[in-house]
Structures are given as structure tokens and as C-alpha cells.
Amino acid sequence: MDDMREHEKHGHVGGEHVHDEAAGDTELREGPLDLAAVRAKLQSKTGKQYWRTLEELVGDPQFEELLHREFPRQAPSEWDDAVDRRDFLKLMAASLAFAGLSGCGRTPEQYVVPYVKQPDGMTLGKPQFYATAMPFGADAIGLLVESHEGRPTKIEGNPDHPSSLGATNVFAQASILNLYDPDRTQTVTKFGEIQTWSLFVESAQALAAEMKADNGAGFRILTGIVTSPTLAAQIQSLLTLFPKAKWHQWEPAVGDGARDGAKLAFGSYVNTVYRVEKAEVILSLDSDFLGSGPGHIRYAREFSRRRNLDQFFEEDRSRPEMNRLYVVEPTPSVTGATADHRLPLRASDVELFARALAGKVIDVTVRPGQSALANPAPPAGSEKWLEAVAKDLLRHQGRCLVVAGEHQPAAVHALAHAINAALGNVGKTLYYTEPVEAHPENNLESLRELCSDIYDGKVETLLILGVNPVYTAPHDFDFASKIKFDEKKNRKPVKNTIYVGSHFDETAELCDWHVAESHYLETWGDARAFDGTLSVIQPLIAPLYHTHSAREVLAAFSDKPGLSDYDALRDRLKAVNPSVDFDKFWRKTLNDGLVAGSAFAPISATLKFSAASLPAAKTTSPTDIEFIFRPDPCVYDGRFANNGWLQELPKPVTKLTWDNAALVSPKTAENLKVAHNVAWRGGEHGKIYSNVIDIALSNSKVTAAAWIVPGQADDTVVLPLGYGRKRAGYTGTNKGFNAYAVRITGALWADVAPSGPNRHTG
């Protein structure tokens, strides 16, 4: 008998909620969905067919019942008495209450909003708006934040900011709930005991004095991607003070392919900026550029402008033609759902497709014995599709664009650069700039070097800023063992560990010091957007708790531990703009949310790419099952797991909430004999029973519910990252399965298994 797991669908909250089936509230479908019947029904249709779910396509009467009960007229509400939903609403109410109670948690260095006497110009009940920016990976999203009597309440996009053009994404919208999250850590602790900030500074200064003796040979700093010039300058000043110290980076949801692909193509790191509005034909090679990644909010708006049907009904030949989008991808994405033509391919086959495309549109110089690279065979079944794409791109030279996905290897990115150059797209539909990242490097190799140094006993003091490597590092690194107490050796591998983060998470639990980190709406700072535009982060509220920024913690190890974020930002802007009226410049910058004219200028990048420089393509057997890792569209890499609004938000394709699942195509589901059965409760309260499968990879195993996704490449299983947290907080702990547990360095984004996952039976 197959073991079945209750799985979340849109509207149902609470991973452990149990429905009262004995009371007759649940109607369970008899048997799994008949995929053969679905195919037979499709074969009898002509023309394009549109359907919301496989149940609707097959004519399931339970789906008709769902439509009837989704928004019932003159009917009482059918709210479930689920404990999780009730507790969730209580939690949100408590969050707002805590905001009012603790708004003066720490005396601010500068007067931001708090007042006793109502300031001039403020009208009670009338909101005020302030420009700021949210750092996110290698981007900064320009925002306008609505504030009521000194409390930020709503976030929208800044129309003057190049990264947002007045729009936002779900993470920016939800970030305001992170500010009011009662599970945030509230002060400095050491070994779990509350300490004062001044005591931490004294301890940091003592450590700094010890490290000066050997020029910081045992000092390591671990961060995520840094695009803040002020924070980067603070780190560089420490590296100057301690010449033998090292700065490492780890960003678990961002691939190294784009960075390394640029180096492979041009010999150095460059940043690519797309001009989507100028492209008439676009090919995406497993790139969700409309749904994620640097600049995706702007790209989505520019893309949609070329899809405005009103302008095409007018007889005006000067108007640009409607764009056309081709997408090759292993699993449905926001970009793939928008495509005019979409080809499902396994992630490893995308590189073969890119090589075959390059052979058709550019002349490739190869060494003897490697001529197969010049015009390699495309993946089986993609020949006609490839031919059509190549012809369309060649017809639109200088007006087309090829975009490689950030989770694809360096070879695919290098091929995309070469194809764009051959088609004359550089300077027209895309251009190159200096890197936006302050310290571009291969993140995986950087983390590998850090783990190696810890293993060799070279690290005495480790400072971790805002990343959670105990949870997100590859399984074979076993980062927890690198910092926790070793009972066999009766010592810790690293003598001093300091963690700066917003929550007492998996990494904080194993570190000596934990400094509660300020939210970006509570502190001053800066960050560069995807095109290099310098964005200013200004606080909307005084820190709710006794929190501090990453820059303040770094300063505690320097010769100037007392410099505030406000003064550091102003000093840096003065230094880079010495000839302007600074007070006028400062007011305009805060009003606009950015430094005018600070976007990076295009640079000339000489292509040094040839087929001979390409690494050999990884090949997989057609009988293998490929497992790919992708950031979850709602909780990302896990950092938003404790955000109830994002947990409640239906995922774009699957509509799952409060959980993740192993995603498979209908054909793969048939081969593995897995299915999910739908037990409708009507309206919001859908419930799914799914087969549970054991997935054994890389000497580790996870158990996950299977979920069928039409449009996914066959023999591909998607393992979404970001769930299975053990110390996320009240809302996010113990939700879903932890895909990081089977993710290793040699297969960071894709792994294969000859026989696929074993069915879990009971």
C-alpha cells in the first residue's frame, strides 16, 4: 500500500493540519488521476486548449464543485478551524502590536521618525512616503515605503529607480512583515546569554589587538554577495588592517555560471545588462529573467510593453513589432509560462542545445579532433525547434537577444555571449559594465577554501554576516562540524565565532556570539542596482530592538568602532562627490532614493571565446533521472521561511502553499507509479494526498511528496530549496523537506541517479 502524505494547496494553511474526514467534510477522489484518459481527451481536441488543472481537463466533477464553491453566493463562510491558520492570524496581530510597544527599543543615533510633539507637516491618518532600497543578491530594488505616524506599513516600487520602474516583487512586498516578525532576535547574546553592545565591542577590540600580532592570519569574514560600496569599503579597511585575513562569500541560490561564463568568454568578470524593450526575438536558455535574478522587475515591465495589444491595432508602421519569446527549460517558470514557443528539456540538455545553436549561427574555431563542437547534434526531438529558432534569430540580427539562466554552467553563458556577439546584439539589445558585485568571485570555491582552512586549523576567528551556511552549505562540506564543539577532540575547530543575523537560526545556534541584525528599514546604507546605479538605503523607523548593522559589527574590529552608519554613508558620498553642494546633493539623493547618473557606463568587452576553450559537456544517459535544485519562488533559499504571508502565497505554477514537493512530469510520474489525489473541500480549503518518495543522492536521503507538473521535462525531478528548516521561527520551522541535505559541491544545481528515486511503501 502506498504511503500518502497530506499536501498543501492554495489556501490551506498548516503543514500538520488534519481534516475531520469522519464528519463527512472531505470527499476523496476514488483512485489517482488517469493520465491516459487525459492524453486521449487531448488527442480528440483540435486547436489550442486552455485549462487550469489536469482535473479540469479530464472533466473531474470535483473540480466543478470547486468552481461552484470558490466564491459561493449567499453562503456562509466555510473557514476551517485549523489551528495553524488561527495561530497565524494571531501571530500577525501580535507582530503589529509589538511594533507599537517596542518602537523606541533603542535610542537612535539620528532623529528619524519618533516624536513626542507632532512634527509640522504631519497630519494624523495621512501617510507619508520615503524612498529607499532593498538589497537582494546582486541587485538593489528601489522602493517607496508608506509610513503612518512613523510606522512603515506598505511597500511599492520607486518609479524613478531603474531596477523597479514603480513595481516590486513578492520578496520586497513581504519584507515589511520581516520587520515586525516577533521571532527576530532582539539583542546581543553570547552562548545564549544576553550581553550589551558595549561588551561586544570591547571583546571585538580585544580580538583585534590579538590578531594584529600575526596580521590577522587566522581571521576570516564570510558574507553573501555584497553590492554596498560602504560595506565593501569597511571590509577592505579591515583587510588592510589585517593583511593576512581573508574575505569569503557564499550565496546559495545564485549560481556561479554567469560570473564564470563571463570570465570564460572575455577573460575577466563583467556584468551583463539587457535591453529587453529593444529585442524583437528573445531566446531564454533556462533563464527565468522575467521572474527572478538581477533586474527582473524592470525586464518584466519592458517585456510587457512590447506586448501591449492596443498599439498594434493602429496602422502605424513606426511602432515596433510585437516581440517573440522562445524558452528552453527543464521545469515551468514565470518566463516559460509567458513564452510563445516553449521546449521542455532536461537541464543538462540545455548546454547541448546551446552548442548546437552556436554551430548554426556562428563560425566556431576548433582544434583538430574537436570538430564535433563546431556543429554538434542537438538533444533528440529538438531538431526542428532548433532550426526554427536559429532562422528567426538570424532574421533579426541586432534586434534579438539570447539569455542564459543563472543556474546553467559557465559554458552556456559563454556560448550565449558568443551568439549575441555574432548576431550583432552587443550595444543594441544588451551591453556590458564593470561588475556590480564589490568582490566578484566563485562562491563555491570561496566556501571550499574556507572549509579547507578550518579543517587545517588555520582559522582562529570567523565572522559570519547575514548568511546561514549551517543550513545552506553543500552537504559534503558539513559546515556544522566546522564550527560546533568537537567532543572527541574536546575543543572547537574555530576558537571564536561571531554571527550577525536577524534570527537565532541554525548557524546562530552553533556560534559563540550572536549579534541581532537591523532590518534594512531600520538603518542607513547603500547598494548598487543591477546596472550599477547607487541606491541609498534610508531608515523608516528607529530600530525596534537592540539591533545593529553588519557595518557596525565590522567597525567594532577596526580602529574607529564608534562611527555610525549615517556618518559612514555621508562621509563616503562626500568623498566621491567633493565638488558638489553636498547638503543639496544629500537632500536630492534621499528624495530620489538614488544618486543621479551613477549607473555604470557600458564598456567594451573583447570576446576571447572559442570552442577549444569550452570544457567538455557533461552527458547523461537517457535512462537516468536528473534531479535539479531551484530556489523556491516564495521562501527563496530559506531566508523567508518565517514569513507567513509568503508561506500563504500560492507558488506561481503549482499553487502549493506552506510546503514544497518533488516536482515530476506526468510521464515520469507514470514510470515511477506516483500520483496525487485531490480531495476538494471547496473554496480555499483544497487538500491533496500525494505519494511520498524517498530520494537518495550523494550518500544522503530526503523524503518528499511527489507533485505532477504538466510541461516539465521528462525524467526530471525538481527539488525546491528553502524548506525543512529546523530553527526558522514559529512560522517556518519544520515545513516541507530540506533539499540541501542531498546537494553536494559536485552537483550543485543538477545531479543524476541511474534508477531514480525509490518509492516509499508502507
# chains A, B, ... in the order shown; residues from 1 in each chain; ligands from 1
$ residues_around --residues "Pro127 (chain A)" --least-positions-apart "4" --cutoff "10 Å" --atoms "only C-alpha atoms" --output "JSON, numbers by chain"
{"A": [122, 123, 145, 146, 147, 148, 149, 150, 151, 152, 153, 154]}
$ residues_around --residues "region 349-359 of chain A" --least-positions-apart "3" --cutoff "10 Å" --atoms "only C-alpha atoms" --output "MDAnalysis selection string"
chainID A and resid 285:286 328:330 344:346 362:364 372:380 382:383 386:387 389:390 402 404:405 408:416 418:420 422 611 614 617:620
$ select_by_dssp --residues "region 503-552 of chain A" --states "helix (DSSP H, G or I)" --output "list in words"
Ala508, Glu509, Leu510, Ala550, Arg551 and Glu552 of chain A
$ write_last_selection --atoms "all heavy atoms" --output "PDB file, in the first residue's frame"
ATOM      1  N   ALA A 508      23.387  30.472  13.964  1.00  0.00           N
ATOM      2  CA  ALA A 508      23.482  31.208  15.226  1.00  0.00           C
ATOM      3  C   ALA A 508      23.557  30.263  16.416  1.00  0.00           C
ATOM      4  O   ALA A 508      24.256  30.533  17.406  1.00  0.00           O
ATOM      5  CB  ALA A 508      22.280  32.141  15.373  1.00  0.00           C
ATOM      6  N   GLU A 509      22.877  29.137  16.332  1.00  0.00           N
ATOM      7  CA  GLU A 509      22.848  28.183  17.429  1.00  0.00           C
ATOM      8  C   GLU A 509      24.238  27.646  17.764  1.00  0.00           C
ATOM      9  O   GLU A 509      24.527  27.314  18.921  1.00  0.00           O
ATOM     10  CB  GLU A 509      21.914  27.028  17.054  1.00  0.00           C
ATOM     11  CG  GLU A 509      21.763  25.965  18.121  1.00  0.00           C
ATOM     12  CD  GLU A 509      20.888  24.820  17.677  1.00  0.00           C
ATOM     13  OE1 GLU A 509      20.748  24.622  16.450  1.00  0.00           O
ATOM     14  OE2 GLU A 509      20.347  24.103  18.555  1.00  0.00           O
ATOM     15  N   LEU A 510      25.128  27.578  16.761  1.00  0.00           N
ATOM     16  CA  LEU A 510      26.445  26.971  16.960  1.00  0.00           C
ATOM     17  C   LEU A 510      27.559  27.998  17.156  1.00  0.00           C
ATOM     18  O   LEU A 510      28.710  27.609  17.354  1.00  0.00           O
ATOM     19  CB  LEU A 510      26.783  26.076  15.765  1.00  0.00           C
ATOM     20  CG  LEU A 510      25.800  24.933  15.482  1.00  0.00           C
ATOM     21  CD1 LEU A 510      26.272  24.113  14.290  1.00  0.00           C
ATOM     22  CD2 LEU A 510      25.629  24.037  16.710  1.00  0.00           C
ATOM     23  N   ALA A 550      25.535  45.123   9.838  1.00  0.00           N
ATOM     24  CA  ALA A 550      26.776  44.403   9.567  1.00  0.00           C
ATOM     25  C   ALA A 550      27.959  45.360   9.560  1.00  0.00           C
ATOM     26  O   ALA A 550      29.060  45.007  10.028  1.00  0.00           O
ATOM     27  CB  ALA A 550      26.669  43.677   8.234  1.00  0.00           C
ATOM     28  N   ARG A 551      27.743  46.569   9.051  1.00  0.00           N
ATOM     29  CA  ARG A 551      28.846  47.532   9.007  1.00  0.00           C
ATOM     30  C   ARG A 551      29.284  47.931  10.409  1.00  0.00           C
ATOM     31  O   ARG A 551      30.484  48.087  10.676  1.00  0.00           O
ATOM     32  CB  ARG A 551      28.424  48.775   8.210  1.00  0.00           C
ATOM     33  CG  ARG A 551      29.592  49.639   7.736  1.00  0.00           C
ATOM     34  CD  ARG A 551      29.239  51.107   7.739  1.00  0.00           C
ATOM     35  NE  ARG A 551      28.884  51.583   9.071  1.00  0.00           N
ATOM     36  CZ  ARG A 551      29.775  51.928   9.997  1.00  0.00           C
ATOM     37  NH1 ARG A 551      31.082  51.847   9.744  1.00  0.00           N
ATOM     38  NH2 ARG A 551      29.373  52.348  11.176  1.00  0.00           N
ATOM     39  N   GLU A 552      28.325  48.078  11.341  1.00  0.00           N
ATOM     40  CA  GLU A 552      28.676  48.409  12.723  1.00  0.00           C
ATOM     41  C   GLU A 552      29.504  47.302  13.361  1.00  0.00           C
ATOM     42  O   GLU A 552      30.440  47.574  14.129  1.00  0.00           O
ATOM     43  CB  GLU A 552      27.406  48.639  13.536  1.00  0.00           C
ATOM     44  CG  GLU A 552      26.680  49.938  13.243  1.00  0.00           C
ATOM     45  CD  GLU A 552      25.453  50.092  14.122  1.00  0.00           C
ATOM     46  OE1 GLU A 552      24.455  49.398  13.863  1.00  0.00           O
ATOM     47  OE2 GLU A 552      25.494  50.894  15.075  1.00  0.00           O
TER      48      GLU A 552
END
$ residues_around --residues "Ile483 (chain A)" --least-positions-apart "4" --cutoff "9 Å" --atoms "only C-alpha atoms" --output "PyMOL selection string"
chain A and resi 454+462+470+479+492-495+497+507+510-511
$ residues_around --residues "region 215-223 of chain A" --least-positions-apart "4" --cutoff "8 Å" --atoms "only C-alpha atoms" --output "number ranges by chain"
A: 211, 241-250, 450, 458-467
$ write_last_selection --atoms "C-alpha atoms" --output "PDB file, in the first residue's frame"
ATOM      1  CA  MET A 211      45.077  39.466  15.564  1.00  0.00           C
ATOM      2  CA  LEU A 241      44.459  46.437   8.896  1.00  0.00           C
ATOM      3  CA  PHE A 242      44.879  42.640   8.886  1.00  0.00           C
ATOM      4  CA  PRO A 243      46.723  41.852   5.605  1.00  0.00           C
ATOM      5  CA  LYS A 244      46.604  38.071   6.053  1.00  0.00           C
ATOM      6  CA  ALA A 245      42.865  37.929   6.741  1.00  0.00           C
ATOM      7  CA  LYS A 246      40.507  36.630   4.028  1.00  0.00           C
ATOM      8  CA  TRP A 247      37.040  37.563   2.796  1.00  0.00           C
ATOM      9  CA  HIS A 248      34.822  34.685   1.630  1.00  0.00           C
ATOM     10  CA  GLN A 249      31.366  34.743   0.032  1.00  0.00           C
ATOM     11  CA  TRP A 250      28.531  32.235  -0.193  1.00  0.00           C
ATOM     12  CA  LEU A 450      37.170  28.490   3.959  1.00  0.00           C
ATOM     13  CA  LYS A 458      44.173  27.921  10.097  1.00  0.00           C
ATOM     14  CA  VAL A 459      41.089  29.834  11.300  1.00  0.00           C
ATOM     15  CA  GLU A 460      41.031  31.364  14.771  1.00  0.00           C
ATOM     16  CA  THR A 461      38.205  33.903  14.374  1.00  0.00           C
ATOM     17  CA  LEU A 462      35.269  33.568  11.983  1.00  0.00           C
ATOM     18  CA  LEU A 463      32.845  36.448  11.441  1.00  0.00           C
ATOM     19  CA  ILE A 464      29.656  35.438   9.571  1.00  0.00           C
ATOM     20  CA  LEU A 465      27.495  38.263   8.224  1.00  0.00           C
ATOM     21  CA  GLY A 466      23.887  37.533   7.285  1.00  0.00           C
ATOM     22  CA  VAL A 467      24.315  34.085   5.690  1.00  0.00           C
TER      23      VAL A 467
END
$ closest_atom_pairs --of "region 213-258 of chain A" --to "region 290-312 of chain A" --cutoff "12 Å" --atoms "only C-alpha atoms" --output "JSON lines"
{"residue": "A:Thr227", "atom": "CA", "partner": "A:Pro294", "partner_atom": "CA", "distance": 11.7}
{"residue": "A:Ala253", "atom": "CA", "partner": "A:Gly293", "partner_atom": "CA", "distance": 9.9}
{"residue": "A:Val254", "atom": "CA", "partner": "A:Gly293", "partner_atom": "CA", "distance": 8.4}
{"residue": "A:Gly255", "atom": "CA", "partner": "A:Gly293", "partner_atom": "CA", "distance": 10.4}
{"residue": "A:Ala258", "atom": "CA", "partner": "A:Gly293", "partner_atom": "CA", "distance": 11.0}
$ closest_atom_pairs --of "region 431-488 of chain A" --to "region 629-642 of chain A" --cutoff "9 Å" --atoms "only C-alpha atoms" --output "JSON lines"
{"residue": "A:Val467", "atom": "CA", "partner": "A:Arg639", "partner_atom": "CA", "distance": 8.8}
{"residue": "A:Asn468", "atom": "CA", "partner": "A:Arg639", "partner_atom": "CA", "distance": 8.5}
{"residue": "A:Tyr471", "atom": "CA", "partner": "A:Gly638", "partner_atom": "CA", "distance": 8.8}
{"residue": "A:Thr472", "atom": "CA", "partner": "A:Asp637", "partner_atom": "CA", "distance": 7.7}
$ write_last_selection --atoms "N, CA, C and O atoms" --output "PDB file, in the first residue's frame"
ATOM      1  N   VAL A 467      24.547  35.326   6.434  1.00  0.00           N
ATOM      2  CA  VAL A 467      24.315  34.085   5.690  1.00  0.00           C
ATOM      3  C   VAL A 467      24.213  32.936   6.682  1.00  0.00           C
ATOM      4  O   VAL A 467      24.685  33.040   7.815  1.00  0.00           O
ATOM      5  N   ASN A 468      23.592  31.843   6.252  1.00  0.00           N
ATOM      6  CA  ASN A 468      23.295  30.726   7.146  1.00  0.00           C
ATOM      7  C   ASN A 468      23.927  29.441   6.598  1.00  0.00           C
ATOM      8  O   ASN A 468      23.228  28.542   6.130  1.00  0.00           O
ATOM      9  N   TYR A 471      22.854  25.709   7.395  1.00  0.00           N
ATOM     10  CA  TYR A 471      21.673  25.204   6.692  1.00  0.00           C
ATOM     11  C   TYR A 471      21.885  25.105   5.183  1.00  0.00           C
ATOM     12  O   TYR A 471      21.465  24.135   4.551  1.00  0.00           O
ATOM     13  N   THR A 472      22.571  26.084   4.576  1.00  0.00           N
ATOM     14  CA  THR A 472      22.598  26.182   3.112  1.00  0.00           C
ATOM     15  C   THR A 472      23.855  25.632   2.446  1.00  0.00           C
ATOM     16  O   THR A 472      23.873  25.457   1.230  1.00  0.00           O
TER      17      THR A 472
END
